[in-house]
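S.K.: My structure is in entry.txt, and what it holds is compact mmCIF, C-alpha atoms:
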```
# COMPACT_ATOMS: atom_id res chain seq x y z
CA MET A 1 141.36 137.09 35.41
CA LEU A 2 142.22 135.45 38.74
CA HIS A 3 144.77 133.12 37.14
CA ARG A 4 147.08 136.13 36.66
CA PHE A 5 147.44 136.32 40.45
CA ALA A 6 147.75 132.58 41.04
CA ASN A 7 151.53 132.62 41.01
CA PRO A 8 152.66 133.71 44.50
CA ALA A 9 155.85 135.34 43.20
CA ARG A 10 153.95 137.41 40.63
CA PHE A 11 151.28 138.26 43.19
CA GLY A 12 154.01 139.41 45.57
CA ARG A 13 155.50 141.71 42.94
CA ILE A 14 152.09 143.24 42.15
CA ILE A 15 151.20 144.02 45.74
CA ALA A 16 154.71 145.37 46.40
CA ALA A 17 154.16 147.86 43.58
CA ILE A 18 150.78 148.88 45.01
CA LEU A 19 152.04 149.35 48.58
CA PRO A 20 153.67 152.81 48.32
CA TRP A 21 150.62 154.19 46.49
CA SER A 22 148.14 152.82 49.02
CA ALA A 23 150.30 154.05 51.91
CA GLY A 24 150.51 157.52 50.40
CA LEU A 25 146.76 157.61 49.77
CA THR A 26 146.14 156.53 53.35
CA VAL A 27 148.13 159.43 54.78
CA VAL A 28 146.60 162.03 52.45
CA LEU A 29 142.99 160.88 52.72
CA LEU A 30 143.02 160.44 56.50
CA ALA A 31 144.74 163.80 57.01
CA VAL A 32 142.20 165.58 54.80
CA GLY A 33 139.26 163.64 56.23
CA LEU A 34 140.20 164.31 59.85
CA TYR A 35 140.78 167.99 59.15
CA LEU A 36 137.35 168.30 57.52
CA ALA A 37 135.64 166.26 60.25
CA LEU A 38 137.21 168.15 63.16
CA PHE A 39 137.51 171.70 61.88
CA VAL A 40 135.25 172.24 58.86
CA VAL A 41 132.06 170.24 59.48
CA PRO A 42 129.62 172.33 61.56
CA PRO A 43 128.12 170.94 64.77
CA ASP A 44 124.82 169.11 64.28
CA TYR A 45 121.73 171.00 65.44
CA GLN A 46 120.69 168.03 67.63
CA GLN A 47 123.88 166.10 68.35
CA LYS A 48 126.19 169.13 68.63
CA GLU A 49 129.88 168.17 68.69
CA THR A 50 129.05 164.52 69.37
CA VAL A 51 128.28 164.09 65.68
CA ARG A 52 132.03 164.04 64.97
CA ILE A 53 132.18 160.47 66.30
CA MET A 54 130.30 159.57 63.12
CA PHE A 55 133.43 160.18 61.03
CA VAL A 56 135.16 157.27 62.73
CA HIS A 57 132.17 155.08 63.57
CA VAL A 58 130.57 154.93 60.12
CA PRO A 59 133.80 154.22 58.18
CA ALA A 60 134.80 151.58 60.76
CA ALA A 61 131.40 149.89 60.48
CA TRP A 62 131.65 149.98 56.68
CA MET A 63 135.11 148.40 56.79
CA ALA A 64 133.95 145.73 59.26
CA THR A 65 131.40 144.39 56.77
CA MET A 66 133.44 145.05 53.62
CA ILE A 67 136.49 143.19 54.92
CA TYR A 68 134.37 140.19 55.90
CA ALA A 69 132.94 140.19 52.37
CA VAL A 70 136.53 140.18 51.04
CA MET A 71 137.28 137.21 53.30
CA ALA A 72 134.21 135.35 52.07
CA VAL A 73 135.12 135.89 48.40
CA ALA A 74 138.73 134.88 49.03
CA SER A 75 137.58 131.81 50.96
CA ALA A 76 135.27 130.78 48.11
CA SER A 77 138.17 131.17 45.66
CA ALA A 78 140.36 129.00 47.87
CA LEU A 79 137.73 126.26 48.24
CA ILE A 80 136.41 126.20 44.66
CA TRP A 81 139.39 127.15 42.49
CA LYS A 82 142.19 126.24 44.92
CA HIS A 83 143.70 129.70 44.43
CA PRO A 84 147.10 129.49 46.14
CA VAL A 85 147.06 132.96 47.72
CA ALA A 86 143.33 133.33 48.40
CA ASP A 87 143.43 131.63 51.79
CA LEU A 88 146.38 133.79 52.83
CA THR A 89 144.50 136.91 51.77
CA ALA A 90 141.51 135.91 53.89
CA LYS A 91 143.75 135.01 56.82
CA ALA A 92 145.61 138.32 56.60
CA SER A 93 142.32 140.26 56.42
CA ALA A 94 140.75 138.79 59.55
CA PRO A 95 142.67 140.67 62.30
CA ILE A 96 142.21 143.95 60.42
CA GLY A 97 138.48 143.34 60.13
CA ALA A 98 138.25 142.39 63.80
CA GLY A 99 140.00 145.62 64.72
CA PHE A 100 137.62 147.74 62.63
CA THR A 101 134.63 145.89 64.11
CA PHE A 102 135.86 146.59 67.64
CA VAL A 103 136.29 150.27 66.76
CA ALA A 104 132.76 150.36 65.30
CA LEU A 105 131.31 148.82 68.47
CA ALA A 106 133.31 151.08 70.81
CA THR A 107 132.55 154.31 68.95
CA GLY A 108 128.93 153.24 68.61
CA ALA A 109 128.73 152.96 72.39
CA LEU A 110 130.35 156.38 72.81
CA TRP A 111 127.94 157.87 70.28
CA GLY A 112 124.89 156.04 71.61
CA GLN A 113 125.26 157.00 75.26
CA PRO A 114 124.50 160.73 74.83
CA MET A 115 121.96 160.05 72.07
CA TRP A 116 120.05 157.11 73.58
CA GLY A 117 120.99 157.45 77.25
CA THR A 118 122.64 154.02 77.30
CA TRP A 119 125.92 152.50 76.15
CA TRP A 120 124.31 149.39 74.64
CA VAL A 121 120.96 148.03 73.53
CA TRP A 122 120.27 144.59 72.12
CA ALA A 123 119.00 146.06 68.87
CA ALA A 124 119.26 144.07 65.64
CA ARG A 125 122.05 146.16 64.10
CA LEU A 126 124.21 146.19 67.23
CA THR A 127 123.66 142.50 67.95
CA SER A 128 124.47 141.44 64.38
CA VAL A 129 127.68 143.51 64.41
CA LEU A 130 128.64 141.91 67.74
CA ILE A 131 128.09 138.51 66.10
CA LEU A 132 130.34 139.65 63.26
CA PHE A 133 133.07 140.44 65.80
CA PHE A 134 132.79 136.93 67.24
CA LEU A 135 132.91 135.47 63.71
CA TYR A 136 136.20 137.27 63.15
CA LEU A 137 137.57 135.96 66.43
CA GLY A 138 136.37 132.44 65.63
CA TYR A 139 138.02 132.57 62.21
CA ILE A 140 141.32 133.69 63.72
CA ALA A 141 141.07 131.02 66.43
CA LEU A 142 140.57 128.26 63.84
CA TRP A 143 143.78 129.19 62.07
CA GLU A 144 145.63 129.12 65.38
CA ALA A 145 144.02 125.93 66.71
CA ILE A 146 144.66 123.63 63.73
CA GLU A 147 148.31 122.83 63.19
CA ASP A 148 148.06 121.65 59.57
CA PRO A 149 147.82 124.78 57.33
CA GLY A 150 145.71 123.00 54.71
CA ARG A 151 143.11 121.80 57.19
CA ALA A 152 143.12 125.15 58.99
CA ALA A 153 142.55 127.01 55.72
CA LYS A 154 139.63 124.76 54.76
CA ALA A 155 137.93 124.95 58.17
CA ALA A 156 138.37 128.72 58.35
CA ALA A 157 137.07 129.16 54.79
CA ILE A 158 133.90 127.23 55.59
CA LEU A 159 133.33 129.38 58.68
CA ALA A 160 133.87 132.56 56.62
CA LEU A 161 131.29 131.45 54.04
CA VAL A 162 128.72 130.42 56.65
CA GLY A 163 129.24 133.68 58.52
CA ALA A 164 128.66 135.70 55.35
CA ALA A 165 124.93 135.11 55.89
CA ASN A 166 125.20 137.69 58.67
CA LEU A 167 126.19 140.49 56.26
CA PRO A 168 122.73 141.15 54.75
CA ILE A 169 121.27 140.99 58.27
CA ILE A 170 123.65 143.77 59.33
CA LYS A 171 122.81 145.83 56.26
CA PHE A 172 119.01 145.51 56.35
CA SER A 173 118.41 145.03 60.08
CA VAL A 174 117.42 148.69 60.53
CA ASP A 175 114.80 148.27 57.78
CA TRP A 176 113.47 144.87 58.85
CA TRP A 177 113.06 145.57 62.59
CA ASN A 178 112.18 148.52 64.79
CA THR A 179 115.41 149.70 66.37
CA LEU A 180 116.98 152.69 68.08
CA HIS A 181 119.72 152.67 65.48
CA GLN A 182 119.11 155.18 62.72
CA PRO A 183 118.17 153.79 59.28
CA SER A 184 120.57 153.70 56.35
CA SER A 185 121.41 157.21 55.24
CA ILE A 186 124.24 156.82 52.69
CA LEU A 187 123.59 153.74 50.54
CA LYS A 188 119.95 154.29 49.58
CA LEU A 189 118.23 153.93 46.21
CA SER A 190 116.56 157.29 46.80
CA GLY A 191 119.91 158.95 47.50
CA SER A 192 121.81 159.93 50.63
CA THR A 193 119.92 161.78 53.36
CA ILE A 194 123.11 163.27 54.86
CA HIS A 195 123.80 166.92 54.10
CA ALA A 196 126.68 167.52 51.69
CA SER A 197 128.68 169.34 54.39
CA MET A 198 128.90 166.04 56.28
CA LEU A 199 128.62 163.54 53.41
CA TYR A 200 131.80 164.49 51.53
CA PRO A 201 134.09 164.44 54.59
CA LEU A 202 132.51 161.11 55.54
CA LEU A 203 133.25 159.69 52.07
CA VAL A 204 136.84 160.93 52.34
CA MET A 205 137.20 159.11 55.67
CA ILE A 206 135.72 155.93 54.21
CA ALA A 207 138.21 156.14 51.33
CA GLY A 208 141.03 156.72 53.83
CA PHE A 209 140.03 153.72 55.92
CA THR A 210 139.85 151.61 52.75
CA ALA A 211 143.34 152.70 51.69
CA PHE A 212 144.57 151.90 55.21
CA PHE A 213 143.07 148.40 54.94
CA VAL A 214 144.76 147.81 51.58
CA THR A 215 148.10 148.98 52.97
CA VAL A 216 148.00 146.82 56.09
CA LEU A 217 146.62 143.87 54.11
CA ILE A 218 149.53 144.02 51.67
CA ILE A 219 152.05 144.09 54.53
CA ARG A 220 150.34 141.14 56.22
CA VAL A 221 150.09 139.13 52.97
CA GLN A 222 153.79 139.74 52.32
CA GLY A 223 154.48 138.32 55.78
CA GLU A 224 152.27 135.29 55.10
CA LEU A 225 153.99 134.64 51.75
CA ALA A 226 157.40 134.87 53.43
CA ALA A 227 156.29 132.47 56.17
CA ARG A 228 154.97 130.04 53.53
CA ARG A 229 158.34 130.11 51.72
CA VAL A 230 160.20 129.46 54.96
CA ARG A 231 157.86 126.57 55.79
CA ALA A 232 158.30 125.07 52.29
CA ARG A 233 162.10 125.25 52.58
CA SER A 234 161.97 123.72 56.04
CA LEU A 235 159.87 120.82 54.79
CA GLY A 236 162.20 120.38 51.83
CA ALA A 237 165.22 120.29 54.12
CA ASP A 238 163.53 117.74 56.39
CA GLY A 239 162.75 115.59 53.37
```
Show me this structure written as structure tokens.
M.R.:
Amino acid sequence: MLHRFANPARFGRIIAAILPWSAGLTVVLLAVGLYLALFVVPPDYQQKETVRIMFVHVPAAWMATMIYAVMAVASASALIWKHPVADLTAKASAPIGAGFTFVALATGALWGQPMWGTWWVWAARLTSVLILFFLYLGYIALWEAIEDPGRAAKAAAILALVGAANLPIIKFSVDWWNTLHQPSSILKLSGSTIHASMLYPLLVMIAGFTAFFVTVLIIRVQGELAARRVRARSLGADG
């Protein structure tokens, strides 16, 4: 299956065809999701209007972990199968994932202050997400610090795979340790504990954030492919 995308030119044509669809979905889903979250969802009986922060915080936190998982899979493909565009996909994903992680941390602080009476606690979930943010920054820094693209890709891929061990800690931290952070309420074997009036708008926002990621990722990968072509021509001219 992956060999179909191994040719950079073919891969570029495929993602170019996807781009207008993902961009359109992003606009529609985020517009609908924000309308539902701001004007349709009723205030929570405990959290009042503050609950609306959830419709940004939860999707951002979901994207933070999902994008790192994408980076880890792409990095494994680059290391094991030498997939020619896998390392570029991981590289292009990292700043987007870092941005979503920052949003998750910032909105979590805004949400936590009125709920917990503090902006930050060193709870397992919050600490593991902060570590994830530093992993993103470290990954980006490796690409920038190593001049040779091949060596940079390999070093960054190893970091991405090592850092993937943090993902299950983020997911299960609220179950493994006592924490102020609420337990999982969407992805549960017993079913979601969120009322339908909030669950469906939340799912729409998650879908909108995912479409946004795909759109920005495609644009960034197109830029990386163009930069690789320019670099290859430059090396050919020097030779």
S.K.: Give the answer as one residue: which of A:Arg233, A:Lys154, A:Arg52, A:Lys171 has the shortest atom-to-atom distance to A:Met198, using only C-alpha atoms?
M.R.: A:Arg52
S.K.: If we count only C-alpha atoms, what is near A:Thr65 at a cut-off of 9 Å, once residues fewer than 6 positions away on the same chain are taken out, given as a list in words?
M.R.: Gly97, Thr101, Val129, Leu132, Leu167, Ile170 and Lys171 of chain A
S.K.: At a cut-off of 8 Å from (132.7, 145.7, 66.3) in the coordinates of the file, what residues are picked up using all atoms listed in the file, written as an NGL selection string?
M.R.: :A and (61 or 64 or 98-106 or 129-130 or 132-133)
S.K.: Once you count all atoms listed in the file, what closest atom pair and distance in Å to one decimal does each residue of stretch 45-132 of chain A within 12 Å of stretch 29-37 of chain A have, with rows by chain and rising residue number, as JSON lines?
M.R.:
```
{"residue": "A:Glu49", "atom": "CA", "partner": "A:Ala37", "partner_atom": "CA", "distance": 10.4}
{"residue": "A:Thr50", "atom": "CA", "partner": "A:Ala37", "partner_atom": "CA", "distance": 11.4}
{"residue": "A:Val51", "atom": "CA", "partner": "A:Ala37", "partner_atom": "CA", "distance": 9.4}
{"residue": "A:Arg52", "atom": "CA", "partner": "A:Ala37", "partner_atom": "CA", "distance": 6.3}
{"residue": "A:Ile53", "atom": "CA", "partner": "A:Ala37", "partner_atom": "CA", "distance": 9.1}
{"residue": "A:Met54", "atom": "CA", "partner": "A:Ala37", "partner_atom": "CA", "distance": 9.0}
{"residue": "A:Phe55", "atom": "CA", "partner": "A:Ala37", "partner_atom": "CA", "distance": 6.5}
{"residue": "A:Val56", "atom": "CA", "partner": "A:Leu34", "partner_atom": "CA", "distance": 9.1}
{"residue": "A:Pro59", "atom": "CA", "partner": "A:Gly33", "partner_atom": "CA", "distance": 11.1}
```
S.K.: What separation in Å, quoted to one decimal, exists between atom CA of A:Gly150 and atom CA of A:Leu217?
M.R.: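 About the pair atom CA of A:Gly150 and atom CA of A:Leu217: they are 20.9 Å apart.
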S.K.: Tell me, as a PyMOL selection string, which residues lie within 12 Å of A:Val162, counting only C-alpha atoms; anything in the same chain fewer than 6 positions away does not count.
M.R.: chain A and resi 68-69+71-73+75-76+132+135+138-139+155-156
S.K.: Smallest atom-to-atom distance to A:Ala109: which of A:Asp148, A:Ala86, A:Phe213, A:His57, using all atoms listed in the file?
M.R.: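 Residue with the minimum atom-to-atom distance to A:Ala109: A:His57.
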S.K.: Pick out the closest residue to A:Pro95 from this set: A:Ala23, A:Leu203, A:Ile80, A:Val216. Count only C-alpha atoms.
M.R.: A:Val216
S.K.: Atom CA of A:Leu199 and atom CA of A:Leu38, how far apart in Å?
M.R.: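 It comes out at 13.8 Å.
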S.K.: Which residue, A:Thr210, A:Trp122, A:Ala94, A:Ile218, has the smallest gap to A:Leu142 when you use all atoms listed in the file?
M.R.: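 Nearest candidate to A:Leu142 out of A:Thr210, A:Trp122, A:Ala94, A:Ile218: A:Ala94.
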S.K.: Of the candidates A:Ala153, A:Gln47, A:Val85, A:Ile14, which shows the shortest atom-to-atom distance to A:Trp116, using all atoms listed in the file?
M.R.: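 For A:Trp116, the nearest of the candidates is A:Gln47.
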S.K.: Box for stretch 97-115 of chain A - axis-aligned, 3 Å on each of the six sides, all listed atoms - centre and size in Å to one decimal, as JSON.
M.R.:
```
{"center_x": 131.0, "center_y": 151.6, "center_z": 67.7, "size_x": 24.0, "size_y": 24.3, "size_z": 21.1}
```
S.K.: For a test of reading the model, state the distance in Å between atom CA of A:Pro20 and atom CA of A:Val58, rounded to one decimal.
M.R.: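 Computing the Euclidean distance for atom CA of A:Pro20 and atom CA of A:Val58 yields 26.0 Å.
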S.K.: Please supply stretch 93-123 of chain A, rebuilt with N, CA and C atoms, as a compact mmCIF listing (two decimals), in the frame of the given file.
M.R.:
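What landed in selection08.txt:
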```
# COMPACT_ATOMS: atom_id res chain seq x y z
N SER A 93 143.37 139.25 56.26
CA SER A 93 142.32 140.26 56.42
C SER A 93 141.64 140.20 57.78
N ALA A 94 141.57 139.00 58.37
CA ALA A 94 140.75 138.79 59.55
C ALA A 94 141.11 139.69 60.74
N PRO A 95 142.38 139.79 61.15
CA PRO A 95 142.67 140.67 62.30
C PRO A 95 142.36 142.14 62.02
N ILE A 96 142.53 142.56 60.76
CA ILE A 96 142.21 143.95 60.42
C ILE A 96 140.71 144.17 60.55
N GLY A 97 139.93 143.23 60.02
CA GLY A 97 138.48 143.34 60.13
C GLY A 97 138.00 143.30 61.56
N ALA A 98 138.62 142.44 62.37
CA ALA A 98 138.25 142.39 63.80
C ALA A 98 138.53 143.72 64.48
N GLY A 99 139.66 144.33 64.13
CA GLY A 99 140.00 145.62 64.72
C GLY A 99 139.00 146.70 64.34
N PHE A 100 138.62 146.75 63.07
CA PHE A 100 137.62 147.74 62.63
C PHE A 100 136.27 147.48 63.31
N THR A 101 135.91 146.21 63.48
CA THR A 101 134.63 145.89 64.11
C THR A 101 134.63 146.34 65.57
N PHE A 102 135.75 146.13 66.25
CA PHE A 102 135.86 146.59 67.64
C PHE A 102 135.72 148.11 67.70
N VAL A 103 136.38 148.81 66.79
CA VAL A 103 136.29 150.27 66.76
C VAL A 103 134.85 150.71 66.51
N ALA A 104 134.16 150.02 65.59
CA ALA A 104 132.76 150.36 65.30
C ALA A 104 131.89 150.16 66.54
N LEU A 105 132.09 149.07 67.27
CA LEU A 105 131.31 148.82 68.47
C LEU A 105 131.63 149.85 69.56
N ALA A 106 132.91 150.14 69.75
CA ALA A 106 133.31 151.08 70.81
C ALA A 106 132.82 152.49 70.52
N THR A 107 133.01 152.96 69.29
CA THR A 107 132.55 154.31 68.95
C THR A 107 131.03 154.38 68.91
N GLY A 108 130.39 153.27 68.56
CA GLY A 108 128.93 153.24 68.61
C GLY A 108 128.42 153.42 70.02
N ALA A 109 129.12 152.79 70.98
CA ALA A 109 128.73 152.96 72.39
C ALA A 109 128.94 154.40 72.84
N LEU A 110 130.07 154.99 72.44
CA LEU A 110 130.35 156.38 72.81
C LEU A 110 129.34 157.35 72.19
N TRP A 111 128.91 157.03 70.97
CA TRP A 111 127.94 157.87 70.28
C TRP A 111 126.53 157.64 70.83
N GLY A 112 126.24 156.39 71.16
CA GLY A 112 124.89 156.04 71.61
C GLY A 112 124.55 156.54 73.00
N GLN A 113 125.55 156.61 73.88
CA GLN A 113 125.26 157.00 75.26
C GLN A 113 124.61 158.38 75.37
N PRO A 114 125.17 159.42 74.74
CA PRO A 114 124.50 160.73 74.83
C PRO A 114 123.23 160.82 73.99
N MET A 115 123.13 159.99 72.94
CA MET A 115 121.96 160.05 72.07
C MET A 115 120.79 159.23 72.62
N TRP A 116 121.10 158.03 73.13
CA TRP A 116 120.05 157.11 73.58
C TRP A 116 119.96 157.04 75.10
N GLY A 117 120.97 157.55 75.80
CA GLY A 117 120.99 157.45 77.25
C GLY A 117 121.48 156.12 77.75
N THR A 118 122.11 155.32 76.89
CA THR A 118 122.64 154.02 77.30
C THR A 118 123.81 153.67 76.39
N TRP A 119 124.75 152.89 76.94
CA TRP A 119 125.92 152.50 76.15
C TRP A 119 125.59 151.39 75.17
N TRP A 120 124.58 150.58 75.47
CA TRP A 120 124.31 149.39 74.64
C TRP A 120 122.84 149.03 74.71
N VAL A 121 122.29 148.64 73.58
CA VAL A 121 120.96 148.03 73.53
C VAL A 121 121.06 146.80 72.63
N TRP A 122 120.23 145.81 72.93
CA TRP A 122 120.27 144.59 72.12
C TRP A 122 119.40 144.77 70.87
N ALA A 123 119.70 145.82 70.13
CA ALA A 123 119.00 146.06 68.87
C ALA A 123 119.59 145.18 67.78
```
